[in-house]
Amino acid sequence: MRQSKLFTKTRKEAPKDETSKNAILLTRGGFINKEMAGVYSYLPLGFKVLQKIENIIREEMNAIGGAELLLTTLQDAELWKTSDRWDDKAVDIWLKTKLANGKEVGLAWTHEESMANLMKHHIDSYKDLPIYTYQIQTKFRNELRAKSGLMRGREFLMKDLYSFTKNEKELEEFYEKCAAAYMKIFERVGIAGKTYRTFAAGGSFSKFSDEFQTLSEAGEDTIYVDTKKKIAVNKEVYTDDVLKELGLKKEDLREEKAIEVGNIFKQGTRFSEPLGLMYKDEKGIKKPVIMGAYGIGLGRLMAAIVETHNDEKGIMWPESVAPFVAHIVAFSGGEKEARELYEKMVAQNLEVLYDDRRDLSPGEKLAEADLIGIPKRIIVSEKSLKAGGAEVKMRDSEKTEIVPLKDIILKNVK
RNA sequence: CGGGCUGUAGCAUAAUGGUAGUGUUUGCGCUUUGGGAGCGCAUGGCCCGGGUUCGAUUCCCGGCAGCCCGACCA
């Protein structure tokens, strides 16, 4: 993409209504726009990052047998009354409204009920199970207090997968498979080193749920980390009894702030029973389906990546989620060669941002490039050409290297 | 939902009971091209409603919005 066609503008100053690093940097770089508290639009750069994250999640969910679908945002109040999750006392984050005929509807904040209800049409026998369905869809939560930029919003994209299994053993197997897939996702987006599987409060069905917590001062959660065992315990369940049960020792644990980037839950029959989601076993006996739920907030994950990948100049995207893999910056005397390089790289299907803008000082282009944070910067200028090619620098390094133009293409084609 | 703070131009800010200054952005001209360049000109603003006052952007009340702390957060 030519930067002259990128309509978004960068800002030198942090917006006064943001204090979180993720919101400040993403706003300054032109990735997002705040519409109101806790509600953000994604601009072209931010949308590209979001799509990268989305595709990584999709690949890993497909790899463990997930079937992608898309449920509706509008939810029928009657359905949620059957599981006792419509009443304001039970759930205080519903955004509710009414149809023209007076029928009560809500904007979905999760999808257990509608997913389980849907499955009643498709699950009859043990032969139909297991099933793993997932979607990447917008959720609405009327948070009393939205905060921390993309970390706690009122409208956000979520990947939610639901497992439908015959028994606890089958659930357990998938649960662990999904936990492994989650770590793979966090590995691929560049935060695995700081992300811990964390014991957290469970529901009626299991004592614990598992959260995936990324260490960051910006995090809302407090966890206790055993860095050797690569495991953590959420403060909400941090008791002597629990530590004993998990075989952890207080002296091995360090208190840390962390961002909850994922959460997996065993739900058992909490929803299948009230909704009547049953299957017949080998003997023809009706049994409730065993369920599990597995969520990742995409915006929050993006925020976690930014919170853990930045410096005083801006964002430092991991290549896997960067809006572009390379940023060609043309200075005077290098315009023609920069354009040719850009065209060749695009012909090789490389995602490149090309700063073709004239009338901008080199300093301004460089400052913007650092703020946007594309991993590889390629400067083509009179000076670099004289030195033998383009000046290549990685965003997270101070080292620069002069590389002949033809080698740049070879090096980048995988 | 309880408590606190804050609303001034596209953005960031200053001052002020007598209608507002700076930086940046934007437009034009000249100049300039390796770290948000320089000079000049121009454009552009007091959240909304009520009260006090001769006069309110300023003080008071209410609303709305935003941020922070807490509570909440399958």
# chains A, B, ... in the order shown; residues from 1 in each chain; ligands from 1
call {"tool": "residues_around", "arguments": {"residues": "region 32-43 of chain B", "least_positions_apart": "5", "cutoff": "8 Å", "atoms": "only C-alpha atoms (C1' of nucleotides)", "output": "PDB file with N, CA and C atoms (P, O5', C5', C4', C3', O3' and C1' of nucleotides), in the first residue's frame"}}
result
ATOM      1  N   LYS A  12       1.128  13.604  17.140  1.00  0.00           N
ATOM      2  CA  LYS A  12       2.317  13.744  17.976  1.00  0.00           C
ATOM      3  C   LYS A  12       1.972  13.611  19.443  1.00  0.00           C
ATOM      4  N   PHE A 331      13.427   8.596   0.505  1.00  0.00           N
ATOM      5  CA  PHE A 331      13.930   9.948   0.744  1.00  0.00           C
ATOM      6  C   PHE A 331      14.351  10.518  -0.601  1.00  0.00           C
ATOM      7  N   SER A 332      14.686  11.801  -0.591  1.00  0.00           N
ATOM      8  CA  SER A 332      14.997  12.434  -1.866  1.00  0.00           C
ATOM      9  C   SER A 332      16.210  11.758  -2.511  1.00  0.00           C
ATOM     10  N   SER A 361       9.464  15.895   5.694  1.00  0.00           N
ATOM     11  CA  SER A 361      10.874  15.826   6.062  1.00  0.00           C
ATOM     12  C   SER A 361      11.231  14.383   6.405  1.00  0.00           C
ATOM     13  N   PRO A 362      12.489  14.023   6.229  1.00  0.00           N
ATOM     14  CA  PRO A 362      12.921  12.669   6.598  1.00  0.00           C
ATOM     15  C   PRO A 362      12.588  12.367   8.056  1.00  0.00           C
ATOM     16  N   GLY A 363      12.790  13.351   8.909  1.00  0.00           N
ATOM     17  CA  GLY A 363      12.530  13.122  10.322  1.00  0.00           C
ATOM     18  C   GLY A 363      11.091  12.756  10.590  1.00  0.00           C
ATOM     19  N   GLU A 364      10.200  13.404   9.888  1.00  0.00           N
ATOM     20  CA  GLU A 364       8.780  13.131  10.077  1.00  0.00           C
ATOM     21  C   GLU A 364       8.424  11.720   9.616  1.00  0.00           C
ATOM     22  N   LYS A 365       8.994  11.331   8.478  1.00  0.00           N
ATOM     23  CA  LYS A 365       8.733   9.982   7.969  1.00  0.00           C
ATOM     24  C   LYS A 365       9.272   8.926   8.927  1.00  0.00           C
ATOM     25  N   LEU A 366      10.439   9.178   9.462  1.00  0.00           N
ATOM     26  CA  LEU A 366      11.053   8.202  10.371  1.00  0.00           C
ATOM     27  C   LEU A 366      10.275   8.103  11.678  1.00  0.00           C
ATOM     28  N   ALA A 367       9.866   9.259  12.184  1.00  0.00           N
ATOM     29  CA  ALA A 367       9.101   9.255  13.438  1.00  0.00           C
ATOM     30  C   ALA A 367       7.786   8.512  13.257  1.00  0.00           C
ATOM     31  N   GLU A 368       7.144   8.722  12.117  1.00  0.00           N
ATOM     32  CA  GLU A 368       5.892   8.025  11.843  1.00  0.00           C
ATOM     33  C   GLU A 368       6.111   6.531  11.680  1.00  0.00           C
TER      34      GLU A 368
ATOM     35  P     U B  26      -0.777  18.861   8.275  1.00  0.00           P
ATOM     36  O5'   U B  26      -2.014  19.732   7.782  1.00  0.00           O
ATOM     37  C5'   U B  26      -3.299  19.150   7.629  1.00  0.00           C
ATOM     38  C4'   U B  26      -4.311  20.204   7.272  1.00  0.00           C
ATOM     39  C3'   U B  26      -3.904  21.122   6.123  1.00  0.00           C
ATOM     40  O3'   U B  26      -4.132  20.524   4.855  1.00  0.00           O
ATOM     41  C1'   U B  26      -4.735  22.422   7.905  1.00  0.00           C
ATOM     42  P     G B  27      -3.092  20.806   3.697  1.00  0.00           P
ATOM     43  O5'   G B  27      -3.492  22.283   3.228  1.00  0.00           O
ATOM     44  C5'   G B  27      -4.755  22.517   2.628  1.00  0.00           C
ATOM     45  C4'   G B  27      -4.893  23.987   2.306  1.00  0.00           C
ATOM     46  C3'   G B  27      -3.694  24.599   1.595  1.00  0.00           C
ATOM     47  O3'   G B  27      -3.689  24.340   0.202  1.00  0.00           O
ATOM     48  C1'   G B  27      -4.364  26.013   3.362  1.00  0.00           C
TER      49        G B  27
END
call {"tool": "closest_atom_pairs", "arguments": {"of": "region 184-212 of chain A", "to": "region 280-292 of chain A", "cutoff": "12 Å", "atoms": "only C-alpha atoms", "output": "tab-separated table"}}
result
residue	atom	partner	partner_atom	distance
A:Gly202	CA	A:Gly292	CA	11.7
A:Gly203	CA	A:Gly292	CA	11.2
A:Phe205	CA	A:Met291	CA	10.1
A:Ser206	CA	A:Gly292	CA	10.7
A:Ser209	CA	A:Gly292	CA	10.3
A:Asp210	CA	A:Gly292	CA	11.7
call {"tool": "atom_distance", "arguments": {"atom1": "CA of Glu170 (chain A)", "atom2": "CA of Ile185 (chain A)"}}
result
22.6 Å
call {"tool": "select_by_dssp", "arguments": {"residues": "region 171-371 of chain A", "states": "helix (DSSP H, G or I)", "output": "PDB file with N, CA and C atoms, in the first residue's frame"}}
result
ATOM      1  N   LEU A 171     -14.753 -34.353  27.311  1.00  0.00           N
ATOM      2  CA  LEU A 171     -14.596 -32.917  27.554  1.00  0.00           C
ATOM      3  C   LEU A 171     -13.158 -32.611  27.963  1.00  0.00           C
ATOM      4  N   GLU A 172     -12.677 -33.395  28.892  1.00  0.00           N
ATOM      5  CA  GLU A 172     -11.325 -33.191  29.418  1.00  0.00           C
ATOM      6  C   GLU A 172     -10.278 -33.250  28.297  1.00  0.00           C
ATOM      7  N   GLU A 173     -10.435 -34.202  27.404  1.00  0.00           N
ATOM      8  CA  GLU A 173      -9.478 -34.354  26.294  1.00  0.00           C
ATOM      9  C   GLU A 173      -9.474 -33.118  25.412  1.00  0.00           C
ATOM     10  N   PHE A 174     -10.671 -32.660  25.082  1.00  0.00           N
ATOM     11  CA  PHE A 174     -10.731 -31.485  24.214  1.00  0.00           C
ATOM     12  C   PHE A 174     -10.242 -30.235  24.946  1.00  0.00           C
ATOM     13  N   TYR A 175     -10.597 -30.161  26.197  1.00  0.00           N
ATOM     14  CA  TYR A 175     -10.201 -29.014  27.022  1.00  0.00           C
ATOM     15  C   TYR A 175      -8.681 -28.823  26.983  1.00  0.00           C
ATOM     16  N   GLU A 176      -7.963 -29.914  27.148  1.00  0.00           N
ATOM     17  CA  GLU A 176      -6.501 -29.840  27.121  1.00  0.00           C
ATOM     18  C   GLU A 176      -5.977 -29.521  25.725  1.00  0.00           C
ATOM     19  N   LYS A 177      -6.643 -30.077  24.731  1.00  0.00           N
ATOM     20  CA  LYS A 177      -6.272 -29.780  23.344  1.00  0.00           C
ATOM     21  C   LYS A 177      -6.426 -28.291  23.067  1.00  0.00           C
ATOM     22  N   CYS A 178      -7.514 -27.732  23.571  1.00  0.00           N
ATOM     23  CA  CYS A 178      -7.787 -26.316  23.344  1.00  0.00           C
ATOM     24  C   CYS A 178      -6.780 -25.457  24.113  1.00  0.00           C
ATOM     25  N   ALA A 179      -6.459 -25.892  25.319  1.00  0.00           N
ATOM     26  CA  ALA A 179      -5.461 -25.151  26.097  1.00  0.00           C
ATOM     27  C   ALA A 179      -4.140 -25.103  25.340  1.00  0.00           C
ATOM     28  N   ALA A 180      -3.773 -26.211  24.725  1.00  0.00           N
ATOM     29  CA  ALA A 180      -2.524 -26.259  23.950  1.00  0.00           C
ATOM     30  C   ALA A 180      -2.631 -25.355  22.721  1.00  0.00           C
ATOM     31  N   ALA A 181      -3.802 -25.365  22.092  1.00  0.00           N
ATOM     32  CA  ALA A 181      -4.008 -24.512  20.914  1.00  0.00           C
ATOM     33  C   ALA A 181      -3.915 -23.043  21.307  1.00  0.00           C
ATOM     34  N   TYR A 182      -4.425 -22.714  22.496  1.00  0.00           N
ATOM     35  CA  TYR A 182      -4.346 -21.335  22.965  1.00  0.00           C
ATOM     36  C   TYR A 182      -2.888 -20.904  23.127  1.00  0.00           C
ATOM     37  N   MET A 183      -2.082 -21.772  23.743  1.00  0.00           N
ATOM     38  CA  MET A 183      -0.675 -21.407  23.928  1.00  0.00           C
ATOM     39  C   MET A 183      -0.007 -21.218  22.567  1.00  0.00           C
ATOM     40  N   LYS A 184      -0.427 -22.023  21.590  1.00  0.00           N
ATOM     41  CA  LYS A 184       0.130 -21.892  20.252  1.00  0.00           C
ATOM     42  C   LYS A 184      -0.246 -20.529  19.653  1.00  0.00           C
ATOM     43  N   ILE A 185      -1.479 -20.130  19.874  1.00  0.00           N
ATOM     44  CA  ILE A 185      -1.930 -18.820  19.391  1.00  0.00           C
ATOM     45  C   ILE A 185      -1.081 -17.717  20.032  1.00  0.00           C
ATOM     46  N   PHE A 186      -0.912 -17.814  21.349  1.00  0.00           N
ATOM     47  CA  PHE A 186      -0.166 -16.760  22.030  1.00  0.00           C
ATOM     48  C   PHE A 186       1.303 -16.775  21.639  1.00  0.00           C
ATOM     49  N   GLU A 187       1.797 -17.966  21.320  1.00  0.00           N
ATOM     50  CA  GLU A 187       3.152 -18.083  20.785  1.00  0.00           C
ATOM     51  C   GLU A 187       3.229 -17.356  19.440  1.00  0.00           C
ATOM     52  N   ARG A 188       2.273 -17.625  18.583  1.00  0.00           N
ATOM     53  CA  ARG A 188       2.316 -17.061  17.226  1.00  0.00           C
ATOM     54  C   ARG A 188       2.151 -15.549  17.222  1.00  0.00           C
ATOM     55  N   ALA A 192       3.907 -15.411  24.055  1.00  0.00           N
ATOM     56  CA  ALA A 192       3.969 -16.662  24.825  1.00  0.00           C
ATOM     57  C   ALA A 192       4.918 -16.558  26.016  1.00  0.00           C
ATOM     58  N   GLY A 193       6.026 -15.845  25.821  1.00  0.00           N
ATOM     59  CA  GLY A 193       7.005 -15.747  26.893  1.00  0.00           C
ATOM     60  C   GLY A 193       6.456 -15.113  28.155  1.00  0.00           C
ATOM     61  N   LYS A 194       5.436 -14.319  28.009  1.00  0.00           N
ATOM     62  CA  LYS A 194       4.873 -13.621  29.159  1.00  0.00           C
ATOM     63  C   LYS A 194       3.491 -14.140  29.531  1.00  0.00           C
ATOM     64  N   LYS A 235      -5.391 -14.451  41.899  1.00  0.00           N
ATOM     65  CA  LYS A 235      -5.584 -14.015  43.278  1.00  0.00           C
ATOM     66  C   LYS A 235      -6.935 -14.478  43.844  1.00  0.00           C
ATOM     67  N   GLU A 236      -7.944 -14.589  42.946  1.00  0.00           N
ATOM     68  CA  GLU A 236      -9.287 -14.930  43.415  1.00  0.00           C
ATOM     69  C   GLU A 236      -9.374 -16.343  44.018  1.00  0.00           C
ATOM     70  N   VAL A 237      -8.386 -17.202  43.677  1.00  0.00           N
ATOM     71  CA  VAL A 237      -8.413 -18.542  44.272  1.00  0.00           C
ATOM     72  C   VAL A 237      -7.121 -18.842  45.041  1.00  0.00           C
ATOM     73  N   ASP A 240      -4.213 -21.097  50.845  1.00  0.00           N
ATOM     74  CA  ASP A 240      -3.292 -22.171  51.246  1.00  0.00           C
ATOM     75  C   ASP A 240      -3.777 -23.524  50.745  1.00  0.00           C
ATOM     76  N   ASP A 241      -5.089 -23.722  50.865  1.00  0.00           N
ATOM     77  CA  ASP A 241      -5.660 -25.003  50.422  1.00  0.00           C
ATOM     78  C   ASP A 241      -5.430 -25.246  48.938  1.00  0.00           C
ATOM     79  N   VAL A 242      -5.667 -24.190  48.158  1.00  0.00           N
ATOM     80  CA  VAL A 242      -5.515 -24.332  46.709  1.00  0.00           C
ATOM     81  C   VAL A 242      -4.060 -24.600  46.342  1.00  0.00           C
ATOM     82  N   LEU A 243      -3.147 -23.858  46.977  1.00  0.00           N
ATOM     83  CA  LEU A 243      -1.725 -24.056  46.679  1.00  0.00           C
ATOM     84  C   LEU A 243      -1.318 -25.487  46.984  1.00  0.00           C
ATOM     85  N   LYS A 244      -1.805 -25.999  48.090  1.00  0.00           N
ATOM     86  CA  LYS A 244      -1.496 -27.369  48.487  1.00  0.00           C
ATOM     87  C   LYS A 244      -2.022 -28.349  47.434  1.00  0.00           C
ATOM     88  N   GLU A 245      -3.253 -28.106  47.027  1.00  0.00           N
ATOM     89  CA  GLU A 245      -3.880 -28.978  46.038  1.00  0.00           C
ATOM     90  C   GLU A 245      -3.108 -28.975  44.723  1.00  0.00           C
ATOM     91  N   LEU A 246      -2.574 -27.807  44.361  1.00  0.00           N
ATOM     92  CA  LEU A 246      -1.864 -27.691  43.089  1.00  0.00           C
ATOM     93  C   LEU A 246      -0.384 -28.035  43.218  1.00  0.00           C
ATOM     94  N   LYS A 250       4.367 -21.216  48.263  1.00  0.00           N
ATOM     95  CA  LYS A 250       4.299 -19.757  48.315  1.00  0.00           C
ATOM     96  C   LYS A 250       5.627 -19.104  47.958  1.00  0.00           C
ATOM     97  N   GLU A 251       6.725 -19.696  48.438  1.00  0.00           N
ATOM     98  CA  GLU A 251       8.032 -19.081  48.205  1.00  0.00           C
ATOM     99  C   GLU A 251       8.462 -19.137  46.737  1.00  0.00           C
ATOM    100  N   ASP A 252       7.827 -19.999  45.931  1.00  0.00           N
ATOM    101  CA  ASP A 252       8.167 -20.075  44.505  1.00  0.00           C
ATOM    102  C   ASP A 252       7.318 -19.119  43.665  1.00  0.00           C
ATOM    103  N   SER A 272     -27.078 -27.280  29.022  1.00  0.00           N
ATOM    104  CA  SER A 272     -27.764 -28.338  28.273  1.00  0.00           C
ATOM    105  C   SER A 272     -29.006 -28.833  29.012  1.00  0.00           C
ATOM    106  N   GLU A 273     -28.961 -28.879  30.333  1.00  0.00           N
ATOM    107  CA  GLU A 273     -30.137 -29.368  31.075  1.00  0.00           C
ATOM    108  C   GLU A 273     -31.330 -28.431  30.984  1.00  0.00           C
ATOM    109  N   PRO A 274     -31.165 -27.161  31.358  1.00  0.00           N
ATOM    110  CA  PRO A 274     -32.340 -26.288  31.273  1.00  0.00           C
ATOM    111  C   PRO A 274     -32.878 -26.143  29.848  1.00  0.00           C
ATOM    112  N   LEU A 275     -31.962 -26.195  28.852  1.00  0.00           N
ATOM    113  CA  LEU A 275     -32.409 -26.011  27.469  1.00  0.00           C
ATOM    114  C   LEU A 275     -32.857 -27.315  26.827  1.00  0.00           C
ATOM    115  N   LEU A 298     -10.418 -10.492  20.930  1.00  0.00           N
ATOM    116  CA  LEU A 298      -9.419 -10.101  19.924  1.00  0.00           C
ATOM    117  C   LEU A 298      -8.840  -8.715  20.185  1.00  0.00           C
ATOM    118  N   GLY A 299      -9.690  -7.775  20.556  1.00  0.00           N
ATOM    119  CA  GLY A 299      -9.198  -6.430  20.833  1.00  0.00           C
ATOM    120  C   GLY A 299      -8.287  -6.422  22.053  1.00  0.00           C
ATOM    121  N   ARG A 300      -8.695  -7.181  23.044  1.00  0.00           N
ATOM    122  CA  ARG A 300      -7.865  -7.246  24.245  1.00  0.00           C
ATOM    123  C   ARG A 300      -6.524  -7.891  23.932  1.00  0.00           C
ATOM    124  N   LEU A 301      -6.550  -8.888  23.044  1.00  0.00           N
ATOM    125  CA  LEU A 301      -5.295  -9.529  22.650  1.00  0.00           C
ATOM    126  C   LEU A 301      -4.402  -8.525  21.914  1.00  0.00           C
ATOM    127  N   MET A 302      -5.011  -7.724  21.061  1.00  0.00           N
ATOM    128  CA  MET A 302      -4.232  -6.691  20.365  1.00  0.00           C
ATOM    129  C   MET A 302      -3.640  -5.718  21.378  1.00  0.00           C
ATOM    130  N   ALA A 303      -4.448  -5.351  22.354  1.00  0.00           N
ATOM    131  CA  ALA A 303      -3.968  -4.441  23.394  1.00  0.00           C
ATOM    132  C   ALA A 303      -2.804  -5.067  24.154  1.00  0.00           C
ATOM    133  N   ALA A 304      -2.908  -6.354  24.449  1.00  0.00           N
ATOM    134  CA  ALA A 304      -1.850  -7.036  25.197  1.00  0.00           C
ATOM    135  C   ALA A 304      -0.558  -7.064  24.385  1.00  0.00           C
ATOM    136  N   ILE A 305      -0.698  -7.239  23.078  1.00  0.00           N
ATOM    137  CA  ILE A 305       0.492  -7.242  22.217  1.00  0.00           C
ATOM    138  C   ILE A 305       1.147  -5.864  22.240  1.00  0.00           C
ATOM    139  N   VAL A 306       0.338  -4.822  22.145  1.00  0.00           N
ATOM    140  CA  VAL A 306       0.889  -3.463  22.153  1.00  0.00           C
ATOM    141  C   VAL A 306       1.521  -3.153  23.514  1.00  0.00           C
ATOM    142  N   GLU A 307       0.835  -3.552  24.584  1.00  0.00           N
ATOM    143  CA  GLU A 307       1.354  -3.267  25.921  1.00  0.00           C
ATOM    144  C   GLU A 307       2.713  -3.929  26.152  1.00  0.00           C
ATOM    145  N   THR A 308       2.936  -5.044  25.479  1.00  0.00           N
ATOM    146  CA  THR A 308       4.198  -5.772  25.698  1.00  0.00           C
ATOM    147  C   THR A 308       5.207  -5.539  24.580  1.00  0.00           C
ATOM    148  N   GLU A 335      13.581   8.120  -4.831  1.00  0.00           N
ATOM    149  CA  GLU A 335      12.170   7.880  -5.125  1.00  0.00           C
ATOM    150  C   GLU A 335      11.953   6.822  -6.202  1.00  0.00           C
ATOM    151  N   LYS A 336      12.695   6.938  -7.281  1.00  0.00           N
ATOM    152  CA  LYS A 336      12.483   6.024  -8.420  1.00  0.00           C
ATOM    153  C   LYS A 336      12.804   4.586  -8.005  1.00  0.00           C
ATOM    154  N   GLU A 337      13.944   4.410  -7.364  1.00  0.00           N
ATOM    155  CA  GLU A 337      14.352   3.069  -6.950  1.00  0.00           C
ATOM    156  C   GLU A 337      13.407   2.509  -5.891  1.00  0.00           C
ATOM    157  N   ALA A 338      12.927   3.370  -5.009  1.00  0.00           N
ATOM    158  CA  ALA A 338      11.990   2.921  -3.969  1.00  0.00           C
ATOM    159  C   ALA A 338      10.705   2.428  -4.602  1.00  0.00           C
ATOM    160  N   ARG A 339      10.241   3.160  -5.605  1.00  0.00           N
ATOM    161  CA  ARG A 339       8.998   2.769  -6.254  1.00  0.00           C
ATOM    162  C   ARG A 339       9.148   1.434  -6.975  1.00  0.00           C
ATOM    163  N   GLU A 340      10.277   1.267  -7.636  1.00  0.00           N
ATOM    164  CA  GLU A 340      10.522  -0.003  -8.345  1.00  0.00           C
ATOM    165  C   GLU A 340      10.602  -1.169  -7.368  1.00  0.00           C
ATOM    166  N   LEU A 341      11.264  -0.913  -6.259  1.00  0.00           N
ATOM    167  CA  LEU A 341      11.371  -1.966  -5.232  1.00  0.00           C
ATOM    168  C   LEU A 341       9.984  -2.325  -4.707  1.00  0.00           C
ATOM    169  N   TYR A 342       9.192  -1.301  -4.447  1.00  0.00           N
ATOM    170  CA  TYR A 342       7.830  -1.523  -3.955  1.00  0.00           C
ATOM    171  C   TYR A 342       7.035  -2.360  -4.950  1.00  0.00           C
ATOM    172  N   GLU A 343       7.111  -1.985  -6.205  1.00  0.00           N
ATOM    173  CA  GLU A 343       6.323  -2.705  -7.211  1.00  0.00           C
ATOM    174  C   GLU A 343       6.759  -4.157  -7.333  1.00  0.00           C
ATOM    175  N   LYS A 344       8.045  -4.383  -7.225  1.00  0.00           N
ATOM    176  CA  LYS A 344       8.533  -5.768  -7.295  1.00  0.00           C
ATOM    177  C   LYS A 344       8.087  -6.574  -6.086  1.00  0.00           C
ATOM    178  N   MET A 345       8.133  -5.960  -4.931  1.00  0.00           N
ATOM    179  CA  MET A 345       7.729  -6.683  -3.718  1.00  0.00           C
ATOM    180  C   MET A 345       6.227  -6.990  -3.740  1.00  0.00           C
ATOM    181  N   VAL A 346       5.452  -6.037  -4.213  1.00  0.00           N
ATOM    182  CA  VAL A 346       4.010  -6.271  -4.313  1.00  0.00           C
ATOM    183  C   VAL A 346       3.733  -7.403  -5.302  1.00  0.00           C
ATOM    184  N   ALA A 347       4.506  -7.434  -6.388  1.00  0.00           N
ATOM    185  CA  ALA A 347       4.336  -8.501  -7.387  1.00  0.00           C
ATOM    186  C   ALA A 347       4.640  -9.865  -6.772  1.00  0.00           C
ATOM    187  N   PRO A 362      12.489  14.023   6.229  1.00  0.00           N
ATOM    188  CA  PRO A 362      12.921  12.669   6.598  1.00  0.00           C
ATOM    189  C   PRO A 362      12.588  12.367   8.056  1.00  0.00           C
ATOM    190  N   GLY A 363      12.790  13.351   8.909  1.00  0.00           N
ATOM    191  CA  GLY A 363      12.530  13.122  10.322  1.00  0.00           C
ATOM    192  C   GLY A 363      11.091  12.756  10.590  1.00  0.00           C
ATOM    193  N   GLU A 364      10.200  13.404   9.888  1.00  0.00           N
ATOM    194  CA  GLU A 364       8.780  13.131  10.077  1.00  0.00           C
ATOM    195  C   GLU A 364       8.424  11.720   9.616  1.00  0.00           C
ATOM    196  N   LYS A 365       8.994  11.331   8.478  1.00  0.00           N
ATOM    197  CA  LYS A 365       8.733   9.982   7.969  1.00  0.00           C
ATOM    198  C   LYS A 365       9.272   8.926   8.927  1.00  0.00           C
ATOM    199  N   LEU A 366      10.439   9.178   9.462  1.00  0.00           N
ATOM    200  CA  LEU A 366      11.053   8.202  10.371  1.00  0.00           C
ATOM    201  C   LEU A 366      10.275   8.103  11.678  1.00  0.00           C
ATOM    202  N   ALA A 367       9.866   9.259  12.184  1.00  0.00           N
ATOM    203  CA  ALA A 367       9.101   9.255  13.438  1.00  0.00           C
ATOM    204  C   ALA A 367       7.786   8.512  13.257  1.00  0.00           C
ATOM    205  N   GLU A 368       7.144   8.722  12.117  1.00  0.00           N
ATOM    206  CA  GLU A 368       5.892   8.025  11.843  1.00  0.00           C
ATOM    207  C   GLU A 368       6.111   6.531  11.680  1.00  0.00           C
ATOM    208  N   ALA A 369       7.189   6.182  11.015  1.00  0.00           N
ATOM    209  CA  ALA A 369       7.478   4.755  10.802  1.00  0.00           C
ATOM    210  C   ALA A 369       7.685   4.058  12.144  1.00  0.00           C
ATOM    211  N   ASP A 370       8.412   4.702  13.041  1.00  0.00           N
ATOM    212  CA  ASP A 370       8.637   4.107  14.361  1.00  0.00           C
ATOM    213  C   ASP A 370       7.337   3.987  15.135  1.00  0.00           C
ATOM    214  N   LEU A 371       6.478   4.986  15.015  1.00  0.00           N
ATOM    215  CA  LEU A 371       5.204   4.974  15.732  1.00  0.00           C
ATOM    216  C   LEU A 371       4.311   3.834  15.236  1.00  0.00           C
TER     217      LEU A 371
END
call {"tool": "residues_around", "arguments": {"residues": "region 54-63 of chain B", "least_positions_apart": "6", "cutoff": "9 Å", "atoms": "only C-alpha atoms (C1' of nucleotides)", "output": "PyMOL selection string"}}
result
chain B and resi 8+16-20+46+48
call {"tool": "closest_residue", "arguments": {"among": "A:Ala326, A:Leu118, A:Ala293, A:Leu95", "to": "chain B", "atoms": "only C-alpha atoms (C1' of nucleotides)"}}
result
A:Ala293
call {"tool": "closest_residue", "arguments": {"among": "A:Lys9, A:Lys169, A:Arg2, A:Lys52", "to": "chain B", "atoms": "only C-alpha atoms (C1' of nucleotides)"}}
result
A:Lys9
call {"tool": "closest_residue", "arguments": {"among": "A:Phe31, A:Phe47, A:Phe265, A:Tyr162", "to": "chain B", "atoms": "only C-alpha atoms (C1' of nucleotides)"}}
result
A:Phe265
call {"tool": "closest_residue", "arguments": {"among": "B:C30, B:C64, B:A14, B:C1", "to": "chain A", "atoms": "only C-alpha atoms (C1' of nucleotides)"}}
result
B:C1
call {"tool": "residues_around", "arguments": {"residues": "Asp17 (chain A)", "least_positions_apart": "6", "cutoff": "10 Å", "atoms": "only C-alpha atoms (C1' of nucleotides)", "output": "list in words"}}
result
Ala23, Ile24, Lys34, Ala37 and Gly149 of chain A; U6, G66 and C67 of chain B
call {"tool": "atom_distance", "arguments": {"atom1": "CA of Lys159 (chain A)", "atom2": "CA of Lys81 (chain A)"}}
result
24.2 Å
call {"tool": "atom_distance", "arguments": {"atom1": "C1' of C5 (chain B)", "atom2": "CA of Lys21 (chain A)"}}
result
20.4 Å
call {"tool": "closest_residue", "arguments": {"among": "A:Leu129, A:Ile57, A:Ala322, A:Ala201", "to": "chain B", "atoms": "only C-alpha atoms (C1' of nucleotides)"}}
result
A:Ala201
call {"tool": "closest_residue", "arguments": {"among": "B:C69, B:G45, B:U24, B:G4", "to": "chain A", "atoms": "only C-alpha atoms (C1' of nucleotides)"}}
result
B:U24
call {"tool": "residues_around", "arguments": {"residues": "Gly219 (chain A)", "least_positions_apart": "3", "cutoff": "7 Å", "atoms": "only C-alpha atoms (C1' of nucleotides)", "output": "VMD selection string"}}
result
chain A and resid 216 257 to 259
call {"tool": "write_last_selection", "arguments": {"atoms": "C-alpha atoms", "output": "compact mmCIF listing (two decimals), in the first residue's frame"}}
result
# COMPACT_ATOMS: atom_id res chain seq x y z
CA SER A 216 1.92 -6.58 32.10
CA LYS A 257 -0.17 -7.86 37.21
CA ALA A 258 -1.54 -9.56 34.14
CA ILE A 259 -3.97 -9.21 31.25
